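Note: the block below is final-v2.csv and it holds CSV, C-alpha atoms.
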```csv
chain,number,residue,atom,x,y,z
Y,1,MET,CA,37.2,3.2,26.8
Y,2,THR,CA,35.0,0.5,25.4
Y,3,ARG,CA,36.6,-3.0,25.5
Y,4,PRO,CA,35.8,-5.2,22.6
Y,5,THR,CA,33.6,-8.0,23.6
Y,6,GLU,CA,35.1,-11.4,23.4
Y,7,ILE,CA,34.4,-13.4,20.3
Y,8,ASN,CA,31.5,-15.6,21.0
Y,9,ASP,CA,30.9,-17.5,17.7
Y,10,ASP,CA,27.1,-17.6,17.0
Y,11,ASP,CA,26.1,-14.5,18.9
Y,12,MET,CA,28.9,-12.5,17.4
Y,13,MET,CA,27.9,-13.6,14.0
Y,14,ARG,CA,24.3,-12.6,14.6
Y,15,ARG,CA,25.4,-9.2,16.1
Y,16,TYR,CA,27.7,-8.6,13.2
Y,17,LEU,CA,25.0,-9.3,10.7
Y,18,ASP,CA,22.5,-7.2,12.6
Y,19,GLY,CA,25.0,-4.3,12.7
Y,20,GLU,CA,25.1,-4.3,16.5
Y,21,LEU,CA,28.8,-4.5,16.8
Y,22,THR,CA,30.9,-1.4,17.6
Y,23,ARG,CA,33.7,-0.7,15.2
Y,24,PRO,CA,36.4,-2.2,17.5
Y,25,GLU,CA,34.2,-5.3,18.0
Y,26,ARG,CA,33.6,-5.6,14.3
Y,27,ALA,CA,37.3,-5.3,13.5
Y,28,LEU,CA,38.1,-7.9,16.1
Y,29,PHE,CA,35.4,-10.2,14.9
Y,30,LEU,CA,36.7,-10.1,11.3
Y,31,GLU,CA,40.4,-10.4,12.4
Y,32,LYS,CA,39.8,-13.6,14.4
Y,33,LEU,CA,38.0,-15.4,11.6
Y,34,ILE,CA,39.9,-18.2,10.0
Y,35,PRO,CA,39.6,-18.4,6.1
Y,36,SER,CA,36.8,-21.0,6.2
Y,37,GLN,CA,34.8,-18.8,8.6
Y,38,ARG,CA,35.4,-15.8,6.4
Y,39,ALA,CA,34.1,-17.7,3.4
Y,40,GLU,CA,31.1,-18.8,5.4
Y,41,LEU,CA,30.4,-15.2,6.4
Y,42,SER,CA,30.8,-14.0,2.8
Y,43,ALA,CA,28.4,-16.6,1.6
Y,44,MET,CA,25.9,-15.6,4.3
Y,45,GLU,CA,26.2,-12.0,3.3
Y,46,LYS,CA,25.7,-12.8,-0.3
Y,47,ALA,CA,22.6,-14.8,0.4
Y,48,LEU,CA,21.0,-12.2,2.6
Y,49,GLU,CA,21.8,-9.5,0.1
Y,50,ALA,CA,19.9,-11.4,-2.5
Y,51,LEU,CA,17.0,-11.7,-0.1
Y,52,ALA,CA,17.0,-8.0,0.6
Y,53,ASN,CA,17.2,-7.2,-3.1
Y,54,LEU,CA,14.0,-9.0,-4.0
Y,55,PRO,CA,11.9,-6.8,-6.2
Y,56,VAL,CA,9.1,-4.9,-4.5
Y,57,LEU,CA,5.7,-5.7,-5.9
Y,58,SER,CA,3.0,-3.2,-6.2
Y,59,PRO,CA,-0.3,-4.3,-4.6
Y,60,PRO,CA,-3.3,-4.6,-6.8
Y,61,ALA,CA,-4.4,-1.2,-8.0
Y,62,ASP,CA,-8.0,-1.7,-6.7
Y,63,MET,CA,-7.0,-2.8,-3.2
Y,64,THR,CA,-7.8,0.5,-1.6
Y,65,THR,CA,-11.2,0.6,-3.3
Y,66,HIS,CA,-12.1,-2.9,-2.1
Y,67,ILE,CA,-11.0,-2.2,1.4
Y,68,MET,CA,-12.9,1.1,1.6
Y,69,THR,CA,-15.9,-0.5,0.1
Y,70,ALA,CA,-15.9,-3.2,2.8
Y,71,ILE,CA,-15.6,-0.8,5.7
Y,72,MET,CA,-18.1,1.7,4.6
Y,73,PRO,CA,-20.5,0.1,2.1
Y,74,GLU,CA,-23.3,2.5,2.8
Y,75,LYS,CA,-21.4,5.7,2.8
Y,76,LEU,CA,-19.2,5.0,-0.3
Y,77,SER,CA,-19.9,7.4,-3.1
Y,78,LEU,CA,-21.8,6.3,-6.2
Y,79,PHE,CA,-18.6,6.8,-8.2
Y,80,LEU,CA,-16.6,4.4,-6.1
Y,81,ARG,CA,-19.3,1.8,-6.0
Y,82,ILE,CA,-19.6,2.0,-9.8
Y,83,LYS,CA,-15.8,1.8,-10.1
Y,84,ALA,CA,-15.5,-1.1,-7.7
Y,85,TRP,CA,-18.2,-3.0,-9.7
Y,86,LEU,CA,-16.6,-2.3,-13.0
Y,87,LEU,CA,-13.2,-3.3,-11.7
Y,88,ARG,CA,-14.5,-6.6,-10.4
Y,89,HIS,CA,-16.1,-7.3,-13.7
Y,90,SER,CA,-13.5,-5.9,-16.1
Y,91,VAL,CA,-12.2,-8.3,-18.6
Y,92,THR,CA,-8.7,-7.0,-19.4
Y,93,GLY,CA,-7.7,-4.9,-16.4
Y,94,LEU,CA,-8.0,-1.5,-14.9
Y,95,GLU,CA,-7.5,0.5,-18.0
Y,96,ILE,CA,-10.6,-0.7,-19.6
Y,97,GLY,CA,-12.4,-0.7,-16.3
Y,98,SER,CA,-11.4,2.8,-15.6
Y,99,MET,CA,-12.4,4.0,-19.0
Y,100,ALA,CA,-15.7,2.3,-18.4
Y,101,VAL,CA,-16.0,4.2,-15.1
Y,102,ALA,CA,-15.3,7.4,-16.9
Y,103,ALA,CA,-17.9,6.6,-19.5
Y,104,ALA,CA,-20.4,5.6,-16.8
Y,105,VAL,CA,-19.9,8.8,-14.8
Y,106,LEU,CA,-20.2,10.9,-17.9
Y,107,PHE,CA,-23.3,9.0,-18.8
Y,108,LEU,CA,-24.7,9.8,-15.4
Y,109,LEU,CA,-23.7,13.4,-15.8
Y,110,LEU,CA,-25.4,13.8,-19.1
Y,111,SER,CA,-28.4,11.7,-18.2
Y,112,PRO,CA,-31.8,12.7,-16.8
Y,113,GLY,CA,-32.0,13.3,-13.1
Y,114,LYS,CA,-33.4,9.9,-12.3
Y,115,PHE,CA,-30.0,8.3,-12.8
Y,116,LEU,CA,-28.6,10.6,-10.2
Y,117,SER,CA,-31.2,9.7,-7.6
Y,118,PRO,CA,-28.7,8.1,-5.2
Y,119,VAL,CA,-26.8,11.4,-5.0
Y,120,PRO,CA,-28.0,13.8,-2.3
Y,121,ALA,CA,-29.6,17.0,-3.5
Y,122,ALA,CA,-27.0,19.8,-3.8
Y,123,PRO,CA,-27.7,22.9,-1.7
Y,124,HIS,CA,-26.7,25.0,-4.7
Y,125,PRO,CA,-27.1,24.7,-8.5
Y,126,TYR,CA,-23.8,22.9,-9.0
Y,127,ILE,CA,-23.5,19.3,-9.6
Y,128,GLU,CA,-20.2,17.7,-10.1
Y,129,ALA,CA,-18.7,14.3,-10.9
Y,130,GLN,CA,-15.2,13.0,-11.3
Y,131,ALA,CA,-13.6,10.1,-13.2
Y,132,VAL,CA,-10.3,8.4,-13.4
Y,133,ALA,CA,-9.9,8.0,-17.1
Y,134,SER,CA,-6.7,6.2,-17.6
Y,135,MET,CA,-3.4,5.5,-16.1
Y,136,ALA,CA,0.0,5.4,-17.6
Y,137,ALA,CA,3.6,5.7,-16.3
Y,138,GLY,CA,2.4,6.3,-12.8
Y,139,ASN,CA,0.2,9.2,-13.7
Y,140,ALA,CA,-3.6,9.0,-13.9
Y,141,LYS,CA,-5.7,11.3,-16.0
Y,142,VAL,CA,-8.5,12.5,-13.8
Y,143,GLY,CA,-11.4,14.3,-15.3
Y,144,PHE,CA,-13.2,17.0,-13.2
Y,145,SER,CA,-16.5,18.5,-14.4
Y,146,LEU,CA,-19.0,20.8,-13.1
Y,147,TYR,CA,-22.5,21.9,-14.0
Y,148,ALA,CA,-22.5,25.6,-13.2
Y,149,PRO,CA,-25.3,27.7,-14.7
Y,150,GLY,CA,-24.4,31.3,-15.1
Y,151,ALA,CA,-20.7,30.9,-14.3
Y,152,LYS,CA,-18.2,33.1,-16.1
Y,153,SER,CA,-15.3,31.0,-15.1
Y,154,VAL,CA,-14.7,27.8,-13.2
Y,155,SER,CA,-11.3,26.6,-11.8
Y,156,LEU,CA,-10.0,23.8,-9.7
Y,157,ILE,CA,-8.1,24.5,-6.5
Y,158,SER,CA,-6.5,21.6,-4.7
Y,159,ASP,CA,-3.6,20.1,-2.8
Y,160,PHE,CA,-1.8,19.7,-6.1
Y,161,ASN,CA,-1.7,23.4,-6.8
Y,162,GLY,CA,-1.3,24.6,-3.2
Y,163,TRP,CA,-5.0,25.8,-3.0
Y,164,SER,CA,-3.8,28.8,-5.0
Y,165,SER,CA,-6.3,30.7,-7.1
Y,166,GLU,CA,-3.4,32.0,-9.2
Y,167,ARG,CA,-2.2,28.5,-9.9
Y,168,SER,CA,-5.7,27.0,-10.2
Y,169,VAL,CA,-6.5,24.9,-13.2
Y,170,GLN,CA,-9.2,26.4,-15.4
Y,171,LEU,CA,-12.1,24.3,-16.5
Y,172,HIS,CA,-13.2,24.7,-20.1
Y,173,PRO,CA,-16.8,25.4,-21.1
Y,174,LEU,CA,-18.3,22.3,-22.6
Y,175,GLY,CA,-21.7,23.8,-23.5
Y,176,ASN,CA,-25.0,23.6,-21.7
Y,177,ASP,CA,-23.5,25.2,-18.6
Y,178,LYS,CA,-21.0,22.3,-18.2
Y,179,TRP,CA,-17.4,22.9,-17.5
Y,180,GLY,CA,-14.6,20.3,-17.5
Y,181,VAL,CA,-10.9,19.7,-17.4
Y,182,THR,CA,-8.6,16.7,-17.2
Y,183,VAL,CA,-5.4,16.8,-15.2
Y,184,LYS,CA,-2.6,14.3,-14.7
Y,185,LEU,CA,-2.1,13.2,-11.1
Y,186,ARG,CA,0.3,10.8,-9.5
Y,187,PRO,CA,-1.1,8.1,-7.2
Y,188,GLY,CA,-2.3,9.6,-3.9
Y,189,SER,CA,-5.3,11.4,-2.3
Y,190,TYR,CA,-6.0,15.0,-3.2
Y,191,GLN,CA,-8.5,17.3,-1.6
Y,192,TYR,CA,-10.1,19.8,-4.0
Y,193,ALA,CA,-12.8,22.3,-4.5
Y,194,PHE,CA,-14.1,24.5,-7.4
Y,195,LEU,CA,-13.7,28.2,-7.6
Y,196,ILE,CA,-16.6,29.9,-9.4
Y,197,ASN,CA,-16.0,33.3,-11.0
Y,198,GLY,CA,-12.7,33.6,-9.0
Y,199,HIS,CA,-14.3,34.0,-5.6
Y,200,LYS,CA,-17.0,31.5,-4.8
Y,201,VAL,CA,-15.7,28.2,-3.4
Y,202,VAL,CA,-17.9,25.2,-4.1
Y,203,THR,CA,-17.5,21.8,-2.6
Y,204,ASP,CA,-18.2,18.8,-4.7
Y,205,PRO,CA,-21.5,17.5,-3.2
Y,206,VAL,CA,-21.2,14.0,-4.5
Y,207,ALA,CA,-17.6,13.1,-3.8
Y,208,ARG,CA,-16.1,11.7,-0.7
Y,209,HIS,CA,-15.3,14.4,1.9
Y,210,VAL,CA,-12.8,15.0,4.5
Y,211,ASN,CA,-12.7,17.7,7.2
Y,212,ASP,CA,-10.1,20.3,6.8
Y,213,ASP,CA,-8.4,22.1,9.6
Y,214,PHE,CA,-10.9,25.0,9.5
Y,215,GLY,CA,-14.1,23.1,10.1
Y,216,HIS,CA,-15.0,22.8,6.4
Y,217,LYS,CA,-15.4,19.8,4.2
Y,218,ASN,CA,-13.3,19.2,1.2
Y,219,ALA,CA,-13.9,16.8,-1.6
Y,220,ILE,CA,-11.2,14.2,-2.0
Y,221,VAL,CA,-10.2,12.2,-5.0
Y,222,THR,CA,-7.9,9.1,-4.7
Y,223,VAL,CA,-5.7,8.0,-7.5
Y,224,ILE,CA,-4.6,4.4,-7.1
L,1,MET,CA,-7.4,24.1,4.5
L,2,SER,CA,-5.0,21.4,5.2
L,3,HIS,CA,-2.1,21.1,2.8
L,4,GLY,CA,1.6,20.6,3.1
L,5,ASP,CA,2.1,18.7,6.3
L,6,ARG,CA,1.7,15.0,6.3
L,7,LEU,CA,-0.3,13.6,9.1
L,8,SER,CA,1.2,10.9,11.2
L,9,ASP,CA,-0.3,7.5,11.3
L,10,LYS,CA,-1.5,8.1,14.8
L,11,GLU,CA,-3.1,11.4,13.9
L,12,ILE,CA,-5.0,9.7,11.0
L,13,ILE,CA,-6.1,6.9,13.4
L,14,SER,CA,-7.4,9.5,15.7
L,15,ASP,CA,-9.4,11.0,12.8
L,16,CYS,CA,-10.8,7.6,12.0
L,17,LEU,CA,-11.9,7.0,15.5
L,18,LYS,CA,-13.7,10.3,15.5
L,19,GLY,CA,-15.8,9.1,12.6
L,20,ASN,CA,-13.8,10.2,9.6
L,21,VAL,CA,-13.9,6.8,7.8
L,22,GLN,CA,-12.4,8.2,4.6
L,23,ALA,CA,-9.2,9.0,6.3
L,24,TYR,CA,-8.5,5.3,6.5
L,25,ALA,CA,-7.7,5.3,2.8
L,26,GLU,CA,-4.5,7.2,3.5
L,27,LEU,CA,-3.4,4.6,6.0
L,28,VAL,CA,-4.2,1.8,3.5
L,29,GLN,CA,-2.2,3.5,0.8
L,30,ARG,CA,0.8,4.1,3.1
L,31,HIS,CA,1.1,0.5,4.2
L,32,GLN,CA,-0.5,-1.7,1.6
L,33,ARG,CA,2.8,-2.2,-0.3
L,34,MET,CA,4.6,-3.4,2.8
L,35,VAL,CA,1.7,-5.7,3.9
L,36,PHE,CA,1.3,-7.1,0.4
L,37,ASN,CA,5.0,-7.8,-0.1
L,38,VAL,CA,5.5,-9.5,3.3
L,39,LEU,CA,2.5,-11.7,2.6
L,40,TYR,CA,3.5,-12.5,-0.9
L,41,ARG,CA,7.0,-13.6,0.1
L,42,PHE,CA,5.6,-15.4,3.1
L,43,LEU,CA,2.8,-17.3,1.3
L,44,GLY,CA,4.3,-17.5,-2.2
L,45,ASN,CA,0.9,-17.0,-3.7
L,46,TYR,CA,-0.4,-13.9,-5.3
L,47,GLU,CA,-4.1,-14.3,-4.9
L,48,ALA,CA,-3.9,-15.4,-1.3
L,49,SER,CA,-1.7,-12.5,-0.5
L,50,GLN,CA,-4.1,-10.1,-2.1
L,51,ASP,CA,-7.1,-11.5,-0.2
L,52,ILE,CA,-5.2,-11.5,3.2
L,53,SER,CA,-3.9,-8.0,2.6
L,54,GLN,CA,-7.5,-6.8,2.2
L,55,GLU,CA,-8.7,-8.8,5.2
L,56,THR,CA,-5.8,-7.4,7.2
L,57,PHE,CA,-6.8,-3.8,6.6
L,58,ILE,CA,-10.5,-4.5,7.2
L,59,THR,CA,-9.7,-6.3,10.5
L,60,ALA,CA,-7.4,-3.5,11.5
L,61,TYR,CA,-10.1,-0.9,10.8
L,62,ARG,CA,-12.6,-2.8,12.9
L,63,LYS,CA,-10.2,-3.1,15.8
L,64,LEU,CA,-8.7,0.3,15.5
L,65,ASP,CA,-9.9,1.3,18.9
L,66,THR,CA,-7.8,-1.5,20.4
L,67,PHE,CA,-4.6,-0.3,18.7
L,68,ASN,CA,-2.0,0.3,21.3
L,69,GLY,CA,-0.2,3.5,20.3
L,70,SER,CA,3.0,2.3,22.0
L,71,SER,CA,3.9,0.3,18.9
L,72,LYS,CA,3.9,1.4,15.3
L,73,PHE,CA,0.8,1.0,13.1
L,74,SER,CA,3.0,-0.8,10.6
L,75,THR,CA,4.1,-3.5,13.0
L,76,TRP,CA,0.5,-3.9,14.2
L,77,LEU,CA,-0.6,-4.5,10.6
L,78,CYS,CA,2.2,-7.0,10.1
L,79,GLN,CA,1.1,-8.8,13.2
L,80,ILE,CA,-2.5,-9.1,12.0
L,81,ALA,CA,-1.4,-10.1,8.5
L,82,LEU,CA,1.0,-12.8,9.6
L,83,ASN,CA,-1.6,-14.2,12.1
L,84,LYS,CA,-4.1,-14.5,9.2
L,85,ALA,CA,-1.5,-16.0,6.9
L,86,ARG,CA,-0.4,-18.6,9.5
L,87,ASP,CA,-4.1,-19.5,10.1
L,88,LEU,CA,-4.5,-20.0,6.4
L,89,LEU,CA,-1.5,-22.3,6.2
L,90,ARG,CA,-2.5,-24.2,9.3
L,91,GLY,CA,-6.0,-24.7,7.9
L,92,GLN,CA,-4.5,-26.2,4.8
L,93,GLY,CA,-1.8,-28.2,6.6
L,94,VAL,CA,1.0,-26.7,4.5
L,95,GLU,CA,4.1,-24.6,5.1
L,96,SER,CA,3.5,-22.4,2.0
L,97,LEU,CA,1.0,-21.9,-0.7
L,98,CYS,CA,3.5,-21.7,-3.5
L,99,GLU,CA,2.3,-22.9,-6.8
L,100,ASP,CA,4.5,-23.7,-9.6
L,101,LEU,CA,6.6,-20.6,-10.0
L,102,GLU,CA,6.2,-20.5,-13.8
L,103,ASP,CA,2.4,-20.5,-13.3
L,104,GLN,CA,2.8,-17.7,-10.8
L,105,LEU,CA,4.9,-15.7,-13.2
L,106,GLY,CA,2.4,-16.3,-16.0
L,107,MET,CA,-0.4,-15.1,-13.8
L,108,LEU,CA,1.5,-12.0,-12.8
L,109,ALA,CA,2.5,-11.2,-16.3
L,110,GLY,CA,-1.0,-11.7,-17.5
L,111,SER,CA,-2.8,-9.6,-15.0
L,112,ASP,CA,-0.8,-6.5,-14.6
L,113,SER,CA,-1.6,-4.5,-17.7
L,114,ASP,CA,-3.0,-1.8,-15.5
L,115,THR,CA,-0.1,-1.4,-13.1
L,116,PRO,CA,3.3,-1.2,-14.7
L,117,HIS,CA,4.9,-1.3,-11.3
L,118,ARG,CA,3.5,-4.7,-10.6
L,119,ARG,CA,5.1,-6.0,-13.8
L,120,PHE,CA,8.5,-7.0,-12.4
L,121,GLU,CA,11.2,-9.0,-14.0
L,122,MET,CA,11.7,-12.1,-11.8
L,123,THR,CA,15.3,-13.1,-12.6
L,124,GLN,CA,16.6,-16.5,-12.0
L,125,GLU,CA,18.1,-15.2,-8.8
L,126,ASN,CA,14.7,-13.9,-7.6
L,127,GLU,CA,13.1,-17.2,-8.4
L,128,ARG,CA,15.8,-19.0,-6.5
L,129,ILE,CA,15.2,-16.8,-3.4
L,130,GLN,CA,11.5,-17.4,-3.5
L,131,HIS,CA,12.1,-21.1,-3.8
L,132,VAL,CA,14.4,-21.0,-0.8
L,133,LEU,CA,11.8,-19.2,1.2
L,134,ASN,CA,9.1,-21.6,0.2
L,135,GLN,CA,11.2,-24.5,1.5
L,136,MET,CA,11.7,-23.0,5.0
L,137,PRO,CA,9.3,-23.4,7.9
L,138,ALA,CA,7.0,-20.5,8.4
L,139,HIS,CA,8.4,-19.3,11.7
L,140,TYR,CA,11.9,-19.0,10.1
L,141,ARG,CA,10.5,-17.5,6.9
L,142,GLU,CA,8.6,-14.7,8.6
L,143,ILE,CA,11.5,-13.6,10.7
L,144,LEU,CA,13.8,-13.4,7.7
L,145,LEU,CA,11.3,-11.3,5.8
L,146,LEU,CA,10.7,-8.9,8.6
L,147,LYS,CA,14.4,-8.5,9.2
L,148,HIS,CA,15.9,-8.5,5.8
L,149,LEU,CA,13.1,-7.6,3.4
L,150,GLU,CA,11.4,-4.9,5.5
L,151,GLY,CA,14.4,-4.0,7.7
L,152,PHE,CA,12.5,-4.2,11.0
L,153,SER,CA,14.6,-3.9,14.1
L,154,ASN,CA,14.6,-6.7,16.7
L,155,GLU,CA,12.3,-4.6,18.9
L,156,GLU,CA,9.8,-4.1,16.0
L,157,ILE,CA,9.9,-7.9,15.3
L,158,VAL,CA,9.1,-8.5,19.0
L,159,ASP,CA,6.0,-6.3,18.5
L,160,VAL,CA,5.0,-8.3,15.4
L,161,LEU,CA,5.7,-11.8,16.6
L,162,LYS,CA,5.0,-11.4,20.3
L,163,ILE,CA,7.9,-13.5,21.3
L,164,THR,CA,10.9,-12.5,23.5
L,165,LEU,CA,13.9,-10.7,22.2
L,166,GLU,CA,16.0,-13.6,23.1
L,167,ASN,CA,13.8,-15.9,21.0
L,168,ILE,CA,14.0,-13.4,18.1
L,169,LYS,CA,17.8,-13.6,18.3
L,170,VAL,CA,18.0,-17.3,18.4
L,171,ARG,CA,15.4,-17.8,15.7
L,172,THR,CA,17.1,-15.2,13.4
L,173,PHE,CA,20.4,-17.0,13.7
L,174,ARG,CA,18.8,-20.4,12.8
L,175,ALA,CA,16.7,-18.9,10.1
L,176,ARG,CA,19.8,-17.3,8.4
L,177,GLU,CA,21.7,-20.5,8.7
L,178,MET,CA,19.0,-22.5,7.1
L,179,PHE,CA,18.4,-19.9,4.4
L,180,LYS,CA,22.1,-19.9,3.5
L,181,ARG,CA,22.3,-23.7,3.4
L,182,ILE,CA,19.3,-24.1,1.1
L,183,TYR,CA,20.4,-21.1,-1.0
L,184,GLU,CA,23.8,-22.6,-1.6
L,185,GLU,CA,22.3,-26.0,-2.4
L,186,MET,CA,20.4,-24.4,-5.2
L,187,VAL,CA,23.3,-22.5,-6.8
```

Hey, can you dump this file as C-alpha cells for me?
Amino acid sequence: MTRPTEINDDDMMRRYLDGELTRPERALFLEKLIPSQRAELSAMEKALEALANLPVLSPPADMTTHIMTAIMPEKLSLFLRIKAWLLRHSVTGLEIGSMAVAAAVLFLLLSPGKFLSPVPAAPHPYIEAQAVASMAAGNAKVGFSLYAPGAKSVSLISDFNGWSSERSVQLHPLGNDKWGVTVKLRPGSYQYAFLINGHKVVTDPVARHVNDDFGHKNAIVTVI
Amino acid sequence: MSHGDRLSDKEIISDCLKGNVQAYAELVQRHQRMVFNVLYRFLGNYEASQDISQETFITAYRKLDTFNGSSKFSTWLCQIALNKARDLLRGQGVESLCEDLEDQLGMLAGSDSDTPHRRFEMTQENERIQHVLNQMPAHYREILLLKHLEGFSNEEIVDVLKITLENIKVRTFRAREMFKRIYEEMV
C-alpha cells in the first residue's frame, strides 16, 4: 500500500500543480491546507489557467515558403519563387498576393515559351502549372491546369481523393488543348498527378516533387 | 503511392537527410505554430518572433544531421528557438521586446487580412497575462511557457533548457510564485 508522502510545503505545492501527486497524496495535501493556503492555491490555479488559455496565434501564412526558399533557393520551383516575391511585395496581404500569383502563373501558361525557359523541358507533351488563387475560412482554392494535346479526358488524382480514379476530379476543357479545374483544399501538403484518358498517369514536371513508396516521383502542392 | 499513414518526424528527418529537401516543409508545418507561439509569448514582439521562427527552422535544417533522435524534434526546435531569442534579448540588453500592447494589437489587426486564424481577440485578460510575462525575467518566463502554454513535461523541459531536473523544479516553483504575484497586482 502506498503511504501518502508527508506534506512538504513548496515541493508538495509544485507536485500538486504538476499533477505528480497520487490521489491519496492529493487528498492529504488539500486536507492539510489552512484557509489562507487554500486561497493561495486557488489564486495560483486561476492565474495559471489564464496563462494556459492564452489564444494560439497562427504563424504568418508565408512562413513555410520563406523557410523553404532559404534552404533550397536553387531548387525551388518557379511558382514558389514567384509566389515568395509577390508575397514579399504585396501591399494588402496574401489574398491579393495570391491572386497575383495565380495571374502570374496563368500568364506564364498562356505566354510564349520564352517565359517558361526556367522550367525543365518535359519528357512528354504535357505542361502543367498550379496556383493558389484565394483563401477563405481555412480553405484555399487551388487551380490545376494541364496542356494536353489530343487528350479526351483529364482528371486529377491525389491524396485528397485517395488516389482513386473513380473519385478523381475531372478537369474541364478550356480550349487550345488546355484543361483546368479549381478545387478547395485545407492547409496541408498534397501529392498529386494527372490521369490522361483514364489510364495514363502524368507527373507535373514543373512542380515540387517527392518520392513515393514505389520509387516514383509525385508532384506536391502545399496550401499554407 | 504513399497516402494515409502520417510519417513520424524522425522518418521525415531521415528522408531529408537522404536528400529529399521538400520533405522538410511538412516538418515546418507541423511545428511552426508551436515555435511561433512560444517565441511570441517569450519576446512579446510579433515581427521578432516571425524572424526568429524562420531562423530556427533554417538553422534546424542545416544542423539536421546533428539532431539526436533520443529527444523529440519539437523540443530540439524549442531549444534552438529560445537560444536565438535569448541571444537577441542579450544583444539588446533587455528582458523582453514588448512594445506598447496597443501598438502590437494594431499591427496584428492590420496585417492579418489573409489569415483569419491570426486574427484573435485579445481580451483584457489576455493583455494582462502578456503584461505579466513581459515583466518577468526571461529564465522564468520560458519555463512557464513551456510548462503551462505548451504542456511540456519536466523531462522535455530538461531537453529544451539543458539544466537539471532539480533546477527545473526549483525554477518552476519560483516562476509560478512570481507570475501569481504580478498577476494579482494587476487585477

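Neighbours of Lys72 (chain L) closer than or equal to 10 Å, with only C-alpha atoms counted and sequence neighbours fewer than 5 positions away skipped, come out as L:Asp9, L:Lys10, L:Phe67, L:Leu77, L:Glu156, L:Asp159, L:Val160.
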
(request) Would you work out the distance separating CA of Met136 (chain L) from CA of Val158 (chain L), expressed in Å to one decimal? (result) 20.3 Å

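In this structure, CA of Val132 (chain L) sits 6.7 Å away from CA of Phe179 (chain L).
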
(request) Select, from L:Arg33, L:Arg141, L:Arg41, L:Lys162, the residue with the minimum atom-to-atom distance to chain Y, counting all atoms listed in the file. (result) L:Arg33

(message) I want to know what sits within 12 Å of Phe57 (chain L), based on all atoms listed in the file, with residues of the same chain fewer than 6 positions away left out; could you give that as a ChimeraX atom specification?
(response) /Y:63-71 /L:24-33,35-36,50-51,63-64,73-74,76-81,84

(request) Please provide the set of residues having any atom within 7 Å of Ala219 (chain Y), restricted to all atoms listed in the file, with same-chain residues fewer than 4 positions apart removed, written as number ranges by chain. (result) Y: 191-193, 203-204, 207-210

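You will find CA of Ala60 (chain L) at 12.7 Å from CA of Val21 (chain L).
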
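Proximity to Asp62 (chain Y) was assessed for Y:Gly198, Y:Pro173, Y:Pro187, Y:Gly180 counting only C-alpha atoms; the smallest distance is recorded for Y:Pro187.
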